Structure formats: structure tokens, C-alpha cells
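Have a look at model12.csv below; it lists CSV, C-alpha atoms.
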```csv
chain,number,residue,atom,x,y,z
A,142,MET,CA,-14.0,6.7,1.8
A,143,ALA,CA,-16.6,5.5,4.4
A,144,THR,CA,-16.6,7.2,7.8
A,145,ILE,CA,-18.2,6.2,11.1
A,146,ARG,CA,-21.3,8.3,11.8
A,147,ARG,CA,-23.6,6.0,13.7
A,148,ALA,CA,-23.3,4.1,17.0
A,149,VAL,CA,-25.4,1.3,18.4
A,150,PHE,CA,-25.9,0.8,22.1
A,151,PRO,CA,-27.3,-2.7,23.0
A,152,ALA,CA,-29.3,-2.1,26.2
A,153,ALA,CA,-32.0,-4.9,26.2
A,154,GLY,CA,-30.3,-7.3,28.6
A,155,LEU,CA,-32.1,-8.6,31.7
A,156,GLY,CA,-29.4,-7.4,34.2
A,157,THR,CA,-29.6,-10.6,36.2
A,158,ARG,CA,-26.3,-10.0,37.9
A,159,PHE,CA,-27.8,-7.0,39.7
A,160,LEU,CA,-31.0,-8.5,40.9
A,161,PRO,CA,-33.1,-7.5,42.8
A,162,ALA,CA,-32.0,-3.9,42.0
A,163,THR,CA,-32.8,-4.5,38.3
A,164,LYS,CA,-36.2,-6.2,38.8
A,165,ALA,CA,-38.0,-2.9,37.9
A,166,GLN,CA,-35.0,-0.7,36.9
A,167,PRO,CA,-32.8,-1.2,33.9
A,168,LYS,CA,-29.2,-2.1,34.7
A,169,GLU,CA,-28.1,0.6,32.3
A,170,MET,CA,-29.7,3.2,34.5
A,171,LEU,CA,-27.9,2.3,37.7
A,172,PRO,CA,-26.0,5.4,38.8
A,173,LEU,CA,-22.2,5.4,38.7
A,174,VAL,CA,-21.7,8.3,41.1
A,175,ASP,CA,-23.9,10.9,39.4
A,176,LYS,CA,-24.7,9.5,35.9
A,177,PRO,CA,-26.4,6.3,34.8
A,178,ILE,CA,-24.0,3.7,33.4
A,179,ILE,CA,-25.2,4.1,29.8
A,180,GLN,CA,-24.5,7.8,29.8
A,181,TYR,CA,-20.8,7.3,30.0
A,182,ALA,CA,-20.8,5.3,26.7
A,183,VAL,CA,-23.2,7.7,25.0
A,184,GLU,CA,-20.9,10.7,26.0
A,185,GLU,CA,-17.9,8.7,24.7
A,186,ALA,CA,-19.5,8.3,21.3
A,187,VAL,CA,-20.5,12.0,21.2
A,188,ASP,CA,-17.1,13.1,22.2
A,189,SER,CA,-15.7,10.9,19.4
A,190,GLY,CA,-17.7,12.7,16.7
A,191,ILE,CA,-20.5,10.2,16.3
A,192,GLU,CA,-23.5,12.0,14.7
A,193,ASN,CA,-26.4,9.5,15.2
A,194,LEU,CA,-27.1,7.3,18.2
A,195,ILE,CA,-29.2,4.0,18.1
A,196,ILE,CA,-30.2,2.4,21.4
A,197,VAL,CA,-31.5,-1.1,21.4
A,198,THR,CA,-33.9,-1.5,24.3
A,199,GLY,CA,-36.3,-4.1,25.6
A,200,ARG,CA,-39.4,-4.5,27.8
A,201,GLY,CA,-39.1,-2.4,31.0
A,202,LYS,CA,-36.5,0.0,29.5
A,203,ASN,CA,-38.6,3.1,29.0
A,204,SER,CA,-36.6,5.0,31.6
A,205,ILE,CA,-33.6,5.0,29.2
A,206,GLU,CA,-35.7,6.9,26.7
A,207,ASP,CA,-37.0,9.2,29.3
A,208,HIS,CA,-33.5,10.0,30.6
A,209,PHE,CA,-32.3,11.2,27.2
A,210,ASP,CA,-35.5,13.0,26.4
A,211,VAL,CA,-36.3,16.6,27.1
A,212,ALA,CA,-37.6,17.1,30.7
A,213,PHE,CA,-39.6,20.3,30.0
A,214,GLU,CA,-41.0,20.8,33.5
A,215,LEU,CA,-37.7,20.2,35.2
A,216,GLU,CA,-35.8,22.4,32.8
A,217,THR,CA,-38.3,25.2,33.2
A,218,ILE,CA,-38.0,25.1,37.0
A,219,LEU,CA,-34.1,25.1,36.8
A,220,LYS,CA,-34.2,28.1,34.5
A,221,GLU,CA,-36.6,30.0,36.7
A,222,ARG,CA,-34.4,29.3,39.7
A,223,GLY,CA,-31.2,30.2,38.0
A,224,LYS,CA,-29.7,26.7,38.4
A,225,SER,CA,-27.6,27.0,35.2
A,226,ASN,CA,-25.0,24.5,36.5
A,227,LEU,CA,-27.7,21.8,37.0
A,228,LEU,CA,-29.2,22.6,33.6
A,229,ASN,CA,-25.9,22.1,31.9
A,230,LEU,CA,-25.6,18.7,33.6
A,231,ILE,CA,-28.8,17.4,32.1
A,232,HIS,CA,-27.8,18.8,28.6
A,233,SER,CA,-24.7,16.6,28.3
A,234,ILE,CA,-25.9,15.3,24.9
A,235,PRO,CA,-26.3,18.1,22.3
A,236,ASP,CA,-29.9,18.5,21.1
A,237,GLU,CA,-28.8,18.3,17.4
A,238,ILE,CA,-27.6,14.7,17.8
A,239,PRO,CA,-30.6,12.4,17.0
A,240,ILE,CA,-31.2,9.3,19.2
A,241,SER,CA,-33.3,6.5,17.8
A,242,TYR,CA,-34.7,3.5,19.7
A,243,ILE,CA,-35.6,0.0,18.6
A,244,ARG,CA,-36.8,-2.8,20.7
A,245,GLN,CA,-35.2,-6.3,20.9
A,246,ARG,CA,-38.3,-8.3,21.6
A,247,GLU,CA,-36.4,-11.3,23.0
A,248,ALA,CA,-33.2,-11.4,24.9
A,249,LEU,CA,-31.4,-13.6,22.3
A,250,GLY,CA,-27.9,-12.3,22.8
A,251,LEU,CA,-25.5,-9.5,21.7
A,252,GLY,CA,-25.3,-10.6,18.1
A,253,HIS,CA,-29.1,-10.5,17.8
A,254,ALA,CA,-29.2,-7.1,19.5
A,255,VAL,CA,-26.8,-5.7,16.9
A,256,LEU,CA,-28.8,-7.4,14.1
A,257,THR,CA,-32.0,-5.7,15.4
A,258,ALA,CA,-30.4,-2.3,14.5
A,259,ARG,CA,-29.8,-3.2,10.9
A,260,ASP,CA,-32.4,-1.0,9.2
A,261,LEU,CA,-31.4,2.1,11.3
A,262,VAL,CA,-27.7,1.6,10.5
A,263,ASN,CA,-28.6,2.2,6.9
A,264,ASN,CA,-25.9,0.0,5.3
A,265,GLU,CA,-23.0,2.1,6.7
A,266,PRO,CA,-20.0,1.1,8.9
A,267,PHE,CA,-20.9,1.7,12.5
A,268,ALA,CA,-19.7,1.6,16.1
A,269,VAL,CA,-21.0,-0.6,18.9
A,270,LEU,CA,-20.6,0.4,22.5
A,271,LEU,CA,-21.6,-1.7,25.4
A,272,GLY,CA,-22.6,0.4,28.4
A,273,ASP,CA,-21.3,-2.2,30.9
A,274,ASP,CA,-17.7,-1.3,29.8
A,275,VAL,CA,-16.9,2.2,31.1
A,276,ILE,CA,-13.6,3.2,29.7
A,277,VAL,CA,-11.5,6.2,30.8
A,278,SER,CA,-9.2,7.3,28.0
A,279,ASN,CA,-8.0,10.3,26.1
A,280,PRO,CA,-8.8,10.3,23.2
A,281,PRO,CA,-11.9,8.2,23.8
A,282,CYS,CA,-11.6,4.5,23.1
A,283,ILE,CA,-14.1,4.5,20.2
A,284,ARG,CA,-12.3,7.5,18.7
A,285,GLN,CA,-9.0,5.6,18.7
A,286,MET,CA,-10.8,2.8,16.9
A,287,MET,CA,-12.5,5.1,14.4
A,288,ASP,CA,-9.0,6.3,13.5
A,289,ILE,CA,-7.9,2.7,12.9
A,290,TYR,CA,-11.0,2.2,10.7
A,291,ASP,CA,-10.2,5.4,8.7
A,292,GLU,CA,-6.8,3.9,7.9
A,293,TYR,CA,-7.7,0.3,7.2
A,294,GLN,CA,-11.4,0.5,6.2
A,295,THR,CA,-12.3,-2.8,7.9
A,296,SER,CA,-13.9,-4.1,11.1
A,297,VAL,CA,-12.0,-3.5,14.4
A,298,VAL,CA,-12.6,-5.0,17.9
A,299,ALA,CA,-11.1,-3.6,21.1
A,300,ILE,CA,-9.0,-6.0,23.1
A,301,MET,CA,-7.2,-6.0,26.5
A,302,GLU,CA,-5.0,-8.5,28.2
A,303,VAL,CA,-6.7,-10.5,31.0
A,304,PRO,CA,-5.3,-13.0,33.5
A,305,ARG,CA,-5.2,-16.5,31.9
A,306,GLU,CA,-7.7,-17.8,34.6
A,307,GLU,CA,-10.3,-15.3,33.4
A,308,THR,CA,-10.3,-16.1,29.7
A,309,ASN,CA,-13.4,-18.2,30.1
A,310,ARG,CA,-15.4,-15.0,30.8
A,311,TYR,CA,-14.7,-13.3,27.4
A,312,GLY,CA,-14.4,-13.7,23.7
A,313,ILE,CA,-10.7,-14.4,23.1
A,314,ILE,CA,-8.8,-13.8,19.9
A,315,LYS,CA,-5.9,-15.4,18.2
A,316,GLY,CA,-4.1,-12.7,16.3
A,317,ARG,CA,-1.0,-11.8,14.3
A,318,PRO,CA,0.6,-8.5,15.2
A,319,LEU,CA,0.7,-6.0,12.3
A,320,PRO,CA,4.1,-4.5,11.4
A,321,LYS,CA,5.0,-1.1,12.9
A,322,SER,CA,2.0,-1.3,15.3
A,323,ASP,CA,4.1,-1.6,18.5
A,324,GLY,CA,2.1,-4.7,19.5
A,325,LYS,CA,-1.2,-2.8,19.6
A,326,LEU,CA,-2.8,-3.9,16.4
A,327,PHE,CA,-3.5,-7.4,15.3
A,328,GLU,CA,-5.0,-9.2,12.3
A,329,VAL,CA,-7.5,-11.6,13.8
A,330,GLN,CA,-7.0,-15.2,12.8
A,331,ASP,CA,-9.6,-16.7,15.1
A,332,MET,CA,-11.9,-15.9,18.0
A,333,VAL,CA,-13.7,-18.0,20.5
A,334,GLU,CA,-16.5,-17.1,22.9
A,335,LYS,CA,-15.7,-18.0,26.5
A,336,PRO,CA,-13.2,-20.8,25.9
A,337,SER,CA,-12.0,-23.0,28.6
A,338,ILE,CA,-8.8,-21.9,30.3
A,339,GLU,CA,-6.9,-24.8,28.7
A,340,THR,CA,-8.1,-24.1,25.1
A,341,ALA,CA,-8.0,-20.3,25.0
A,342,PRO,CA,-5.9,-19.2,22.0
A,343,SER,CA,-4.4,-16.2,23.9
A,344,ASN,CA,-5.2,-13.9,26.9
A,345,PHE,CA,-6.4,-11.1,24.6
A,346,ALA,CA,-10.0,-10.5,25.5
A,347,ILE,CA,-12.6,-8.7,23.3
A,348,ILE,CA,-14.3,-5.9,25.3
A,349,GLY,CA,-17.3,-3.8,24.6
A,350,ARG,CA,-16.2,-1.6,21.8
A,351,TYR,CA,-16.5,-2.5,18.1
A,352,ILE,CA,-16.3,-0.8,14.7
A,353,LEU,CA,-18.2,-3.0,12.2
A,354,THR,CA,-18.9,-3.0,8.5
A,355,PRO,CA,-22.5,-3.6,7.3
A,356,LEU,CA,-21.5,-7.0,5.9
A,357,VAL,CA,-21.7,-8.2,9.5
A,358,PHE,CA,-25.5,-8.1,9.3
A,359,GLU,CA,-25.5,-10.8,6.6
A,360,GLU,CA,-23.4,-13.0,8.7
A,361,LEU,CA,-25.4,-12.4,11.9
A,362,ALA,CA,-28.6,-13.3,10.1
A,363,GLU,CA,-27.1,-16.7,9.3
A,364,THR,CA,-25.6,-17.3,12.7
A,365,GLY,CA,-27.3,-19.8,14.9
A,366,LYS,CA,-27.5,-19.9,18.7
A,367,GLY,CA,-24.1,-20.5,20.4
A,368,SER,CA,-22.7,-20.1,23.9
A,369,GLY,CA,-25.5,-19.7,26.4
A,370,GLY,CA,-28.2,-20.5,23.8
A,371,GLU,CA,-27.8,-16.9,22.4
A,372,ILE,CA,-26.7,-15.5,19.0
A,373,GLN,CA,-23.2,-14.4,19.8
A,374,LEU,CA,-21.6,-11.4,18.1
A,375,THR,CA,-18.3,-13.3,18.3
A,376,ASP,CA,-19.7,-16.1,16.2
A,377,GLY,CA,-21.0,-13.6,13.6
A,378,LEU,CA,-17.5,-12.0,13.5
A,379,ARG,CA,-15.9,-15.4,12.9
A,380,ARG,CA,-18.2,-15.8,9.8
A,381,LEU,CA,-17.3,-12.3,8.7
A,382,MET,CA,-13.6,-13.2,8.9
A,383,ALA,CA,-14.0,-15.7,6.1
A,384,LYS,CA,-15.0,-12.8,3.8
A,385,GLN,CA,-13.3,-9.7,5.2
A,386,ARG,CA,-10.3,-8.8,7.3
A,387,VAL,CA,-11.0,-8.2,11.0
A,388,LEU,CA,-8.5,-6.3,13.2
A,389,ALA,CA,-8.1,-6.2,17.0
A,390,TYR,CA,-6.8,-3.1,18.7
A,391,LYS,CA,-5.2,-3.0,22.1
A,392,PHE,CA,-6.6,0.4,23.2
A,393,ASP,CA,-5.1,3.0,25.4
A,394,GLY,CA,-7.1,3.6,28.6
A,395,LYS,CA,-8.6,1.9,31.6
A,396,ARG,CA,-11.7,-0.3,31.4
A,397,HIS,CA,-14.2,-0.7,34.3
A,398,ASP,CA,-16.5,-3.7,34.1
A,399,ALA,CA,-19.6,-2.0,35.5
A,400,GLY,CA,-21.8,-5.0,34.6
A,401,ASP,CA,-20.2,-6.9,37.5
A,402,LYS,CA,-21.0,-6.1,41.1
A,403,MET,CA,-17.4,-5.9,42.2
A,404,GLY,CA,-16.4,-4.0,39.0
A,405,PHE,CA,-19.3,-1.6,39.6
A,406,LEU,CA,-18.1,-1.0,43.2
A,407,LYS,CA,-14.5,-0.4,42.2
A,408,ALA,CA,-15.6,2.0,39.4
A,409,THR,CA,-17.8,3.9,41.9
A,410,VAL,CA,-14.9,4.4,44.3
A,411,GLU,CA,-12.5,5.5,41.6
A,412,PHE,CA,-15.0,7.8,39.9
A,413,ALA,CA,-16.0,9.4,43.2
A,414,LEU,CA,-12.3,10.0,44.1
A,415,ASP,CA,-11.8,11.6,40.7
A,416,ASN,CA,-14.9,13.8,41.1
A,417,GLU,CA,-14.0,17.5,41.6
A,418,GLU,CA,-16.8,18.1,44.0
A,419,LEU,CA,-16.8,14.9,46.0
A,420,GLY,CA,-13.2,13.7,45.7
A,421,PRO,CA,-11.5,15.4,48.6
A,422,ALA,CA,-14.2,14.7,51.2
A,423,PHE,CA,-14.7,11.1,50.0
A,424,ARG,CA,-10.9,10.5,50.1
A,425,SER,CA,-10.9,11.7,53.8
A,426,TYR,CA,-13.8,9.5,54.6
A,427,LEU,CA,-12.1,6.4,53.2
A,428,LYS,CA,-9.0,7.1,55.1
A,429,SER,CA,-11.0,7.4,58.3
A,430,LEU,CA,-12.5,3.9,58.0
A,431,ASP,CA,-11.2,1.1,60.1
A,432,ILE,CA,-11.4,-1.5,57.4
A,433,ASP,CA,-10.6,-4.4,59.7
A,434,ASN,CA,-13.9,-3.8,61.5
A,435,TYR,CA,-16.0,-4.5,58.5
```
Would you give me this structure, written as C-alpha cells?
Amino acid sequence: MATIRRAVFPAAGLGTRFLPATKAQPKEMLPLVDKPIIQYAVEEAVDSGIENLIIVTGRGKNSIEDHFDVAFELETILKERGKSNLLNLIHSIPDEIPISYIRQREALGLGHAVLTARDLVNNEPFAVLLGDDVIVSNPPCIRQMMDIYDEYQTSVVAIMEVPREETNRYGIIKGRPLPKSDGKLFEVQDMVEKPSIETAPSNFAIIGRYILTPLVFEELAETGKGSGGEIQLTDGLRRLMAKQRVLAYKFDGKRHDAGDKMGFLKATVEFALDNEELGPAFRSYLKSLDIDNY
């Protein structure tokens, strides 16, 4: 029985929603309190038992590789000064877990980014985690989905309910609930990328966690440009559904859209409040603010 050992992290986007901050800095490296956005997704994969990490980068993304590389001089200084707590912070990813990088030469969409990782996935089922979606859950969201895959041995997409007026911002599914799943697991009958509010088949939105079988690569290779002039993963999955069952899982946990300015700000506040070191003082500061004066 196939198991999930590899995870792909598409990180080649232009980050236009955060300009000018992302003109010379990858969006994925923007700090959410004390970690870059992408690190939350990487740690989720590692905590879920993923053994091999594949990061799809693009031009100007070298700092992502530097971040997950060994910083010899810094680590030596921290050791010499007895800063073991800081040393542990920069060793959040175990050394024995390999990280591979491949460049997406053109920003042709999420489907194309996943297709770029084809050779490194090595014809195995794999996970895809989008760093924009920071998910707080226990067990981790991708672990929940790996357990679904272990049982059904087919592709799984993560979904959440969104307000009807926001369906035009997401890939939306039409699904049939599976028996004895408590309304959490669906067989996907159709999916549409960013439909109009009037034509959306439901308010179940696909978010940035996927478990995919390698057959998806054949379908993505035949998928033309769709919404936004890009190769959409949703369109590739629609093609896959003609040959193989695709499931949708309503995960347990809270998702933060850190790829949106307002979502990023909300996540920053909530993560800061939850931070053991910063939380009490930050909570007192927020209470002291006279909000009406801003």
C-alpha cells in the first residue's frame, strides 16, 4: 500500500498583493511574528511524518534556500555564547530530512508549479502545501489528510465552508457526502475555479492542502491555461476525476489566509497573543489602545 513520504511547496509566485514589500523579498519569507510564512507549512509537513521536502522556487527566491540551509557562522557563535535556546529555534527542521529545490522558470500558475516537481516526486503519491494557508490544528491538517489517503488510496483536497459572497475567490467543489463521515468527507463530482457567486455549485472552498496521486501529472501536462491565463491545479484535478476518484475533506482546525494583507494582519495578532513569551504583554498593549482614535 502506497504511503505519503514527499511534500511539494509551491513558492514561485510574484507576491503582488504585498508590494512593495515583496519587490526584493519573497512573500514566503515575510515574518509571521517570529517565523517566515513558509516555515509554518514546512513544520506542519515534518510534524505529520513527511520524509522528503520539495520547494518550487523562482527568480529572486534564494533567501528561501538560505533560510533552510545551515548557517555555520551563526550557529558557531550561538554555541560559543551558550545560546542554546536560539540554536534550537533555527534547528526546527531535522537535519536528516532532505530538502530539494526546483525552479519554476515562469509564473504560469499553481498547476504548472506542481507539474514542475514531477521528476522529484518520483511517481509516488505526494502532499502539496501552500504556505499562504497557515493552519492551526491538532493533529496537523496534512496528517489528517494522509490518514484519509491511507484508508481510500486516492487524491484528497482540503475544503472549508466560506460565505457565499466569497466563492468567487476560490476553487469550489460540488460533492456527495460519504456515508458515516459525519459530513466531513465528500466524493467530488465537480470543481470550478473562482466561479461567479450565482453559479458556484456550493460554498465548500478548496484551500491549500492536497494529497495527490502521480496520475495528476499526466493530466496537468495536458491542461491548458485557464482562469487568469494560468495552468490551474483545479482544472487538472477535473481531468483527473474522469479517471480516478477525488475526495474532499472538511478538516479540523483554523485556517489563516496569510497571502492576503488583512488575513496576514489577523494571523499576526492571533499568533502573537498565543506566543508564550509575547502574549501577556501584547494582550495588555492591545487593551490599552484607544481604537477610536485610529
Just checking: using only C-alpha atoms, which residue out of A:Gly316, A:Arg386, A:Leu326, A:Leu361 ends up closest to A:Ser343? A:Gly316
So how many Å separate atom CA of A:Asp260 and atom CA of A:Asp273, to one decimal? 24.4 Å
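Here atom CA of A:Glu192 is placed at a distance of 12.7 Å from atom CA of A:Arg284.
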From the list A:Pro266, A:Pro342, A:Leu194, A:Gly250, which residue is nearest A:Asp236 when using all atoms listed in the file? A:Leu194
Please determine, counting all atoms listed in the file, which residue among A:Arg380, A:Lys325, A:Arg146, A:His208 has the shortest atom-to-atom distance to A:Glu169. A:His208
